[in-house]
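Chemist: File data06.cif below, mmCIF, C-alpha atoms:
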```cif
data_run
#
loop_
_atom_site.label_atom_id
_atom_site.label_comp_id
_atom_site.auth_asym_id
_atom_site.auth_seq_id
_atom_site.Cartn_x
_atom_site.Cartn_y
_atom_site.Cartn_z
CA MET A 526 8.67 18.74 -132.37
CA LEU A 527 9.74 18.08 -135.98
CA PHE A 528 10.80 14.58 -134.98
CA ILE A 529 7.44 13.89 -133.30
CA GLN A 530 5.65 15.17 -136.42
CA ALA A 531 7.76 12.90 -138.64
CA LEU A 532 7.12 9.98 -136.29
CA THR A 533 3.36 10.60 -136.43
CA ASN A 534 3.41 10.86 -140.22
CA GLY A 535 5.35 7.60 -140.40
CA ILE A 536 2.88 5.75 -138.20
CA LEU A 537 -0.08 6.98 -140.25
CA LEU A 538 1.69 6.00 -143.46
CA GLY A 539 2.64 2.64 -141.98
CA GLY A 540 -1.03 1.73 -141.65
CA ILE A 541 -1.61 1.86 -145.40
CA TYR A 542 1.71 0.03 -145.96
CA ALA A 543 0.39 -2.75 -143.74
CA LEU A 544 -2.93 -2.97 -145.56
CA TYR A 545 -1.57 -3.36 -149.06
CA SER A 546 1.18 -5.67 -147.83
CA ALA A 547 -1.22 -8.00 -145.98
CA GLY A 548 -2.65 -9.31 -149.25
CA PHE A 549 0.86 -9.90 -150.62
CA SER A 550 1.79 -11.79 -147.44
CA LEU A 551 -1.42 -13.85 -147.46
CA ILE A 552 -0.95 -15.04 -151.05
CA PHE A 553 2.68 -15.98 -150.46
CA GLY A 554 1.94 -17.68 -147.14
CA VAL A 555 -0.73 -19.95 -148.61
CA MET A 556 0.39 -20.51 -152.20
CA GLY A 557 4.10 -19.69 -152.13
CA VAL A 558 3.55 -17.26 -155.01
CA VAL A 559 5.37 -13.91 -155.06
CA ASN A 560 2.75 -11.83 -156.86
CA ILE A 561 4.68 -9.36 -159.02
CA ALA A 562 1.32 -8.00 -160.27
CA HIS A 563 0.46 -6.94 -156.72
CA GLY A 564 0.94 -3.23 -157.42
CA GLU A 565 -1.51 -3.41 -160.34
CA MET A 566 -4.20 -4.51 -157.89
CA ILE A 567 -3.52 -1.28 -156.00
CA MET A 568 -3.68 0.67 -159.25
CA LEU A 569 -7.01 -0.89 -160.25
CA GLY A 570 -8.46 -0.23 -156.81
CA ALA A 571 -7.33 3.39 -157.05
CA PHE A 572 -8.90 3.81 -160.48
CA THR A 573 -12.12 2.20 -159.26
CA THR A 574 -12.38 4.89 -156.61
CA TYR A 575 -11.36 7.64 -159.02
CA TRP A 576 -13.98 6.80 -161.64
CA LEU A 577 -16.75 6.25 -159.10
CA PHE A 578 -15.90 9.66 -157.67
CA GLU A 579 -15.73 11.34 -161.09
CA ILE A 580 -18.84 9.76 -162.62
CA LEU A 581 -21.15 9.12 -159.65
CA ARG A 582 -19.61 11.61 -157.17
CA LEU A 583 -19.29 8.89 -154.56
CA ASP A 584 -17.15 9.73 -151.54
CA PRO A 585 -13.81 7.86 -151.80
CA PHE A 586 -14.40 5.99 -148.54
CA THR A 587 -17.79 4.72 -149.71
CA THR A 588 -16.16 3.08 -152.74
CA LEU A 589 -14.23 0.56 -150.62
CA PRO A 590 -16.84 -2.25 -151.00
CA PHE A 591 -16.74 -1.83 -154.78
CA SER A 592 -12.95 -2.16 -154.84
CA LEU A 593 -13.06 -5.15 -152.50
CA PHE A 594 -15.66 -6.98 -154.60
CA GLY A 595 -14.24 -6.04 -158.01
CA LEU A 596 -10.66 -7.01 -157.19
CA PHE A 597 -11.80 -10.16 -155.38
CA VAL A 598 -13.53 -11.33 -158.55
CA LEU A 599 -10.53 -10.42 -160.71
CA GLY A 600 -8.10 -12.16 -158.34
CA TYR A 601 -10.33 -15.25 -158.09
CA LEU A 602 -10.55 -15.58 -161.88
CA LEU A 603 -6.84 -14.92 -162.43
CA GLN A 604 -5.87 -17.63 -159.99
CA ARG A 605 -8.49 -20.13 -161.12
CA PHE A 606 -7.77 -19.89 -164.84
CA VAL A 607 -4.21 -18.54 -165.14
CA ILE A 608 -1.96 -18.81 -162.06
CA ASN A 609 -3.38 -22.20 -161.06
CA ARG A 610 -1.60 -23.68 -164.08
CA VAL A 611 1.83 -22.98 -162.57
CA VAL A 612 1.17 -23.48 -158.84
CA ASP A 613 2.90 -26.88 -158.82
CA ALA A 614 5.70 -25.73 -161.14
CA PRO A 615 9.09 -24.39 -159.92
CA PRO A 616 8.80 -20.89 -158.33
CA ILE A 617 10.38 -19.18 -161.35
CA MET A 618 7.27 -20.05 -163.39
CA SER A 619 4.95 -18.17 -161.02
CA TYR A 620 7.33 -15.18 -161.11
CA ILE A 621 7.18 -15.14 -164.91
CA MET A 622 3.42 -15.60 -164.93
CA THR A 623 2.69 -12.81 -162.46
CA PHE A 624 5.21 -10.55 -164.20
CA GLY A 625 3.27 -11.14 -167.41
CA ILE A 626 0.02 -10.25 -165.64
CA HIS A 627 1.70 -7.09 -164.36
CA LEU A 628 2.64 -6.07 -167.90
CA VAL A 629 -0.80 -6.84 -169.32
CA LEU A 630 -2.74 -4.96 -166.62
CA ALA A 631 -0.41 -1.94 -166.66
CA ASN A 632 -0.51 -1.61 -170.45
CA VAL A 633 -4.27 -2.17 -170.74
CA ALA A 634 -4.76 0.56 -168.11
CA LEU A 635 -2.38 2.82 -170.05
CA LEU A 636 -4.36 2.32 -173.27
CA ALA A 637 -7.68 2.84 -171.50
CA TRP A 638 -6.82 5.83 -169.32
CA THR A 639 -3.57 7.34 -170.72
CA ALA A 640 -0.52 8.13 -168.58
CA ASP A 641 -1.89 11.39 -167.15
CA PRO A 642 -1.83 11.45 -163.33
CA ARG A 643 -5.21 12.10 -161.73
CA THR A 644 -6.19 13.26 -158.26
CA ILE A 645 -9.32 13.17 -156.15
CA THR A 646 -10.22 16.42 -154.44
CA THR A 647 -12.97 16.43 -151.83
CA SER A 648 -14.22 19.08 -149.42
CA TYR A 649 -12.01 17.61 -146.68
CA SER A 650 -8.89 16.84 -148.77
CA GLY A 651 -6.72 19.44 -147.03
CA ALA A 652 -8.44 19.35 -143.64
CA ASN A 653 -6.43 18.57 -140.51
CA PHE A 654 -6.38 19.17 -136.79
CA LYS A 655 -3.69 19.82 -134.22
CA LEU A 656 -3.07 17.64 -131.20
CA MET A 657 -0.43 18.90 -128.75
CA GLY A 658 1.21 20.83 -131.58
CA ILE A 659 1.20 17.89 -134.03
CA THR A 660 -0.70 18.29 -137.31
CA ILE A 661 -2.82 15.26 -138.21
CA PRO A 662 -4.62 15.17 -141.60
CA TYR A 663 -8.15 13.78 -141.35
CA ILE A 664 -7.77 11.63 -144.48
CA LYS A 665 -4.59 9.93 -143.29
CA LEU A 666 -6.05 9.32 -139.82
CA ILE A 667 -9.20 7.74 -141.26
CA THR A 668 -7.08 5.71 -143.68
CA PHE A 669 -4.91 4.49 -140.80
CA LEU A 670 -7.92 3.42 -138.72
CA ILE A 671 -9.56 1.62 -141.66
CA SER A 672 -6.28 -0.15 -142.42
CA LEU A 673 -5.99 -1.40 -138.84
CA ALA A 674 -9.60 -2.59 -138.91
CA VAL A 675 -9.16 -4.48 -142.20
CA VAL A 676 -5.89 -6.16 -141.18
CA GLY A 677 -7.48 -7.10 -137.84
CA GLY A 678 -10.56 -8.41 -139.68
CA LEU A 679 -8.36 -10.54 -141.95
CA TYR A 680 -6.55 -11.99 -138.95
CA TRP A 681 -9.90 -12.78 -137.29
CA LEU A 682 -11.19 -14.40 -140.50
CA LEU A 683 -8.17 -16.67 -140.74
CA HIS A 684 -8.45 -17.84 -137.14
CA HIS A 685 -12.18 -17.83 -136.39
CA SER A 686 -13.98 -18.93 -139.55
CA ARG A 687 -14.32 -22.21 -141.39
CA THR A 688 -12.85 -20.75 -144.57
CA GLY A 689 -9.97 -19.24 -142.62
CA ARG A 690 -9.14 -22.56 -140.99
CA ALA A 691 -9.25 -24.24 -144.41
CA ILE A 692 -6.84 -21.60 -145.73
CA GLN A 693 -4.48 -22.20 -142.80
CA ALA A 694 -4.66 -25.96 -143.22
CA THR A 695 -3.85 -25.64 -146.93
CA ALA A 696 -0.91 -23.37 -146.13
CA GLN A 697 0.48 -25.80 -143.55
CA ASP A 698 0.14 -29.04 -145.54
CA ARG A 699 -1.57 -29.08 -148.92
CA ARG A 700 -1.57 -32.87 -149.23
CA MET A 701 -3.06 -33.43 -145.79
CA ALA A 702 -5.68 -30.73 -146.49
CA ARG A 703 -6.77 -32.68 -149.58
CA LEU A 704 -7.06 -35.86 -147.50
CA MET A 705 -9.28 -33.98 -145.04
CA GLY A 706 -11.69 -33.12 -147.86
CA ILE A 707 -10.59 -29.53 -148.51
CA ASN A 708 -10.84 -28.40 -152.13
CA VAL A 709 -7.34 -26.98 -152.42
CA ARG A 710 -7.88 -25.37 -155.82
CA GLN A 711 -10.95 -23.57 -154.52
CA ILE A 712 -9.06 -22.40 -151.43
CA TYR A 713 -6.23 -21.11 -153.60
CA ALA A 714 -8.67 -19.13 -155.73
CA VAL A 715 -10.45 -17.70 -152.67
CA THR A 716 -7.09 -16.81 -151.07
CA PHE A 717 -5.84 -15.02 -154.17
CA GLY A 718 -9.19 -13.25 -154.51
CA LEU A 719 -9.14 -12.21 -150.87
CA GLY A 720 -5.57 -10.92 -151.16
CA ALA A 721 -6.44 -8.98 -154.32
CA GLY A 722 -9.63 -7.57 -152.76
CA ILE A 723 -7.82 -6.26 -149.69
CA THR A 724 -5.14 -4.79 -151.93
CA GLY A 725 -7.83 -3.10 -154.03
CA MET A 726 -9.21 -1.50 -150.88
CA ALA A 727 -5.72 -0.23 -150.11
CA GLY A 728 -5.61 1.28 -153.59
CA SER A 729 -8.87 3.10 -152.93
CA LEU A 730 -7.45 4.55 -149.74
CA VAL A 731 -4.23 5.57 -151.51
CA ALA A 732 -6.29 7.38 -154.17
CA SER A 733 -7.81 9.64 -151.52
CA PHE A 734 -4.48 11.40 -150.87
CA ARG A 735 -2.11 10.49 -153.73
CA HIS A 736 -2.26 10.76 -157.50
CA VAL A 737 -3.56 7.87 -159.61
CA GLU A 738 -1.91 6.68 -162.84
CA PRO A 739 -1.43 3.38 -164.74
CA ALA A 740 2.30 3.18 -163.93
CA MET A 741 1.86 3.53 -160.17
CA GLY A 742 1.87 -0.21 -159.41
CA LEU A 743 5.50 -1.36 -159.43
CA PRO A 744 6.79 0.93 -156.61
CA TYR A 745 3.98 -0.38 -154.40
CA THR A 746 4.94 -3.98 -155.20
CA ILE A 747 8.52 -3.25 -154.13
CA THR A 748 7.37 -1.57 -150.91
CA ALA A 749 5.02 -4.47 -150.12
CA PHE A 750 7.89 -6.93 -150.59
CA CYS A 751 10.08 -4.91 -148.21
CA VAL A 752 7.29 -4.76 -145.61
CA VAL A 753 6.57 -8.51 -145.62
CA VAL A 754 10.27 -9.41 -145.51
CA LEU A 755 10.66 -7.09 -142.53
CA GLY A 756 7.58 -8.45 -140.73
CA GLY A 757 7.88 -12.06 -141.86
CA MET A 758 6.73 -13.54 -145.16
CA GLY A 759 3.29 -15.14 -144.80
CA TYR A 760 2.67 -13.84 -141.25
CA ILE A 761 -0.26 -11.39 -141.32
CA PRO A 762 0.48 -9.52 -138.02
CA GLY A 763 4.03 -9.16 -139.35
CA ALA A 764 2.67 -7.05 -142.22
CA LEU A 765 1.31 -4.59 -139.66
CA ILE A 766 4.55 -4.53 -137.68
CA GLY A 767 6.69 -4.23 -140.81
CA GLY A 768 4.44 -1.53 -142.27
CA LEU A 769 4.64 0.63 -139.17
CA ILE A 770 8.41 0.22 -138.88
CA LEU A 771 9.00 0.99 -142.55
CA GLY A 772 6.63 3.96 -142.44
CA VAL A 773 8.44 5.47 -139.46
CA ILE A 774 11.90 4.82 -140.93
CA GLY A 775 10.88 6.38 -144.25
CA SER A 776 9.32 9.46 -142.67
CA VAL A 777 12.12 10.12 -140.19
CA SER A 778 14.91 9.54 -142.71
CA THR A 779 13.18 11.90 -145.17
CA MET A 780 13.11 14.56 -142.46
CA VAL A 781 16.76 14.04 -141.54
CA PHE A 782 18.12 13.48 -145.06
CA THR A 783 16.06 13.41 -148.31
CA SER A 784 13.48 11.12 -149.90
CA GLY A 785 16.27 9.49 -151.92
CA TRP A 786 18.04 8.48 -148.72
CA SER A 787 14.76 7.08 -147.43
CA THR A 788 14.65 4.62 -150.32
CA ALA A 789 18.31 3.69 -149.88
CA ILE A 790 17.85 3.04 -146.16
CA THR A 791 14.79 0.89 -146.88
CA PHE A 792 16.73 -1.37 -149.25
CA PHE A 793 19.71 -1.53 -146.90
CA LEU A 794 17.36 -2.66 -144.13
CA LEU A 795 15.88 -5.26 -146.50
CA PHE A 796 19.39 -6.56 -147.24
CA LEU A 797 20.20 -6.85 -143.52
CA MET A 798 16.94 -8.69 -142.80
CA LEU A 799 17.49 -11.21 -145.59
CA LEU A 800 21.07 -11.74 -144.45
CA PHE A 801 20.65 -12.02 -140.69
CA ARG A 802 16.95 -12.65 -139.98
CA PRO A 803 15.18 -14.06 -143.05
CA ALA A 804 12.14 -15.07 -140.97
CA GLY A 805 11.45 -11.39 -140.31
CA ILE A 806 11.67 -9.26 -137.21
CA THR A 807 8.98 -11.42 -135.54
CA GLY A 808 10.85 -14.64 -136.37
CA ARG A 809 7.60 -16.23 -137.61
CA GLY A 810 7.89 -15.71 -141.35
CA ILE A 811 8.30 -18.44 -143.95
CA VAL A 812 11.87 -19.13 -145.03
CA GLU A 813 12.41 -20.88 -148.37
#
```
Before anything else, please render the file you have as structure tokens.

Modeler:
Amino acid sequence: MLFIQALTNGILLGGIYALYSAGFSLIFGVMGVVNIAHGEMIMLGAFTTYWLFEILRLDPFTTLPFSLFGLFVLGYLLQRFVINRVVDAPPIMSYIMTFGIHLVLANVALLAWTADPRTITTSYSGANFKLMGITIPYIKLITFLISLAVVGGLYWLLHHSRTGRAIQATAQDRRMARLMGINVRQIYAVTFGLGAGITGMAGSLVASFRHVEPAMGLPYTITAFCVVVLGGMGYIPGALIGGLILGVIGSVSTMVFTSGWSTAITFFLLFLMLLFRPAGITGRGIVE
């Protein structure tokens, strides 16, 4: 029964992994940019929810549109006026640029809100139910279902909308997309904004059951990188597959060993994937 409980916890956790990794995968798949400031988008989304809850007493789940819109605007502006300057440069330049953004956002948040960890406590924070002897927290179940819906919505947008088809065309061949009349710079900005907005929503969901602090971003960036490598860089369904696998591995290994072993196993799995299957477990990721 302990194994089934750990498996269930891993699946529920894998949903949120998938959500905040989907934005990372989208940005890389279209622009070829590894966004080192990705975790700060999660942090800002989490703080958006925290302050809306503290000041206006809004339920954490009702703050999702605010995080989506706020981080979309921030991501759009960052790409349009900052990252766009290094898109055509060698990859190392985008790494340096996004690392600089990571430092700026983390330190501005530290100055504004101090390093004290904060938590959101609602009337249902500790509520759960039992199903066939397995304990399922309401918050994590709702978070899992929302994550699946958002990742599914992103996949639908990319394949069944005009903007989504323009994003895919730009990802496949930027030069040909320009010849077809697509404004590539605009598509890049929208893509980065969309990736940041989805990531901000993930941050809001994380804030509902984990503490919020300015330094929380970098571990999430590392986890997102592991998830998209496992599922396939740039392949959105791969983020869901990779998130679920990594969530289950982390939860089960923590049960069997300790949380420290969970991290070690995650990085060992990342090493094996890069060595033997760089296109991800689905075989459909981008390989540079």

Chemist: When you draw a straight line from CA of Leu532 (chain A) to CA of Phe801 (chain A), how long is it in Å?

Modeler: 26.2 Å

Chemist: Translate the PyMOL selection byres ((chain A and resi 545) around 10) into a concrete residue list for this structure, as a VMD selection string.

Modeler: chain A and resid 540 to 544 546 to 550 563 to 564 566 to 567 672 676 720 to 728 730 to 731 745 to 746 748 to 749 752 764 to 765 768

Chemist: Identify which of the residues A:Met568, A:Ala714, A:Ile806, A:Ala691 lies closest to Leu602 (chain A), counting all atoms listed in the file when measuring atom-to-atom distances.

Modeler: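 Ranking A:Met568, A:Ala714, A:Ile806, A:Ala691 by distance to Leu602 (chain A), first place goes to A:Ala714.
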
Chemist: Quick one, how far is CA of Tyr680 (chain A) from CA of Ile552 (chain A)?

Modeler: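 Interatomic distance, CA of Tyr680 (chain A) to CA of Ile552 (chain A): 13.7 Å.
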
Chemist: Counting all atoms listed in the file, which of A:Ala804, A:Ile536, A:Ala732, A:Leu794 gets nearest to Phe669 (chain A)?

Modeler: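 When distances to Phe669 (chain A) are compared using all atoms listed in the file, the smallest one comes from A:Ile536.
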
Chemist: Care to translate the PyMOL selection byres ((chain A and resi 712) around 10) into actual residues of this file, as a list in words?

Modeler: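 Written out, the selection comes to Val555, Met556, Tyr601, Arg605, Thr688, Gly689, Ala691, Ile692, Gln693, Ala694, Thr695, Ala696, Ile707, Asn708, Val709, Arg710, Gln711, Tyr713, Ala714, Val715, Thr716, Phe717 and Gly718 of chain A.
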
Chemist: Let me make sure I understand: among A:Pro616, A:Gly658, A:Gly539, A:Gly772, which one has the smallest atom-to-atom distance to Leu673 (chain A) if we use only C-alpha atoms?

Modeler: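 Checking each candidate against Leu673 (chain A), we get A:Gly539 as the closest.
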
Chemist: Tell me which of A:Leu682, A:Val737, A:Val558, A:Leu596 sits closest to Ala614 (chain A), counting only C-alpha atoms.

Modeler: A:Val558

Chemist: Need the neighbours of (-3.1, -6.1, -167.3): which residues are at most 12 Å away, counting only C-alpha atoms, as an MDAnalysis selection string?

Modeler: chainID A and resid 561:566 568:569 599:600 603 622:637 739:740 742

Chemist: Contacts of Pro662 (chain A) at 9 Å or less, counting only C-alpha atoms, minus same-chain residues fewer than 6 places along, as a list in words?

Modeler: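 Skipping anything fewer than 6 positions along the chain leaves Ser650, Gly651, Ala652, Asn653, Phe654 and Lys655 of chain A.
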
Chemist: Could you jot down the CA of Tyr575 (chain A) to CA of Ser592 (chain A) separation for me, Å, one decimal place?

Modeler: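 Here the two named atoms are 10.8 Å from each other.
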
Chemist: Given the choices A:Ile664, A:Leu755, A:Leu795, A:Val781, which gets closest to Ser648 (chain A) if the distance is worked out from only C-alpha atoms?

Modeler: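 Closest to Ser648 (chain A) of all the choices is A:Ile664.
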
Chemist: My list of candidates is A:Leu679, A:Leu800, A:Cys751, A:Leu593. Which is closest to Leu769 (chain A) when distances are computed with all atoms listed in the file?

Modeler: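 Among A:Leu679, A:Leu800, A:Cys751, A:Leu593, it is A:Cys751 that comes nearest to Leu769 (chain A).
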
Chemist: Using the file's own x, y and z axes, so that the box edges lie along x, y and z, what centre and edge lengths in Å (one decimal) does a box around every listed atom of region 642-660 of chain A get when 8 Å is added on each side? Give it as lines of an AutoDock Vina configuration file.

Modeler:
```
center_x = -6.5
center_y = 16.1
center_z = -146.0
size_x = 31.4
size_y = 25.4
size_z = 50.6
```
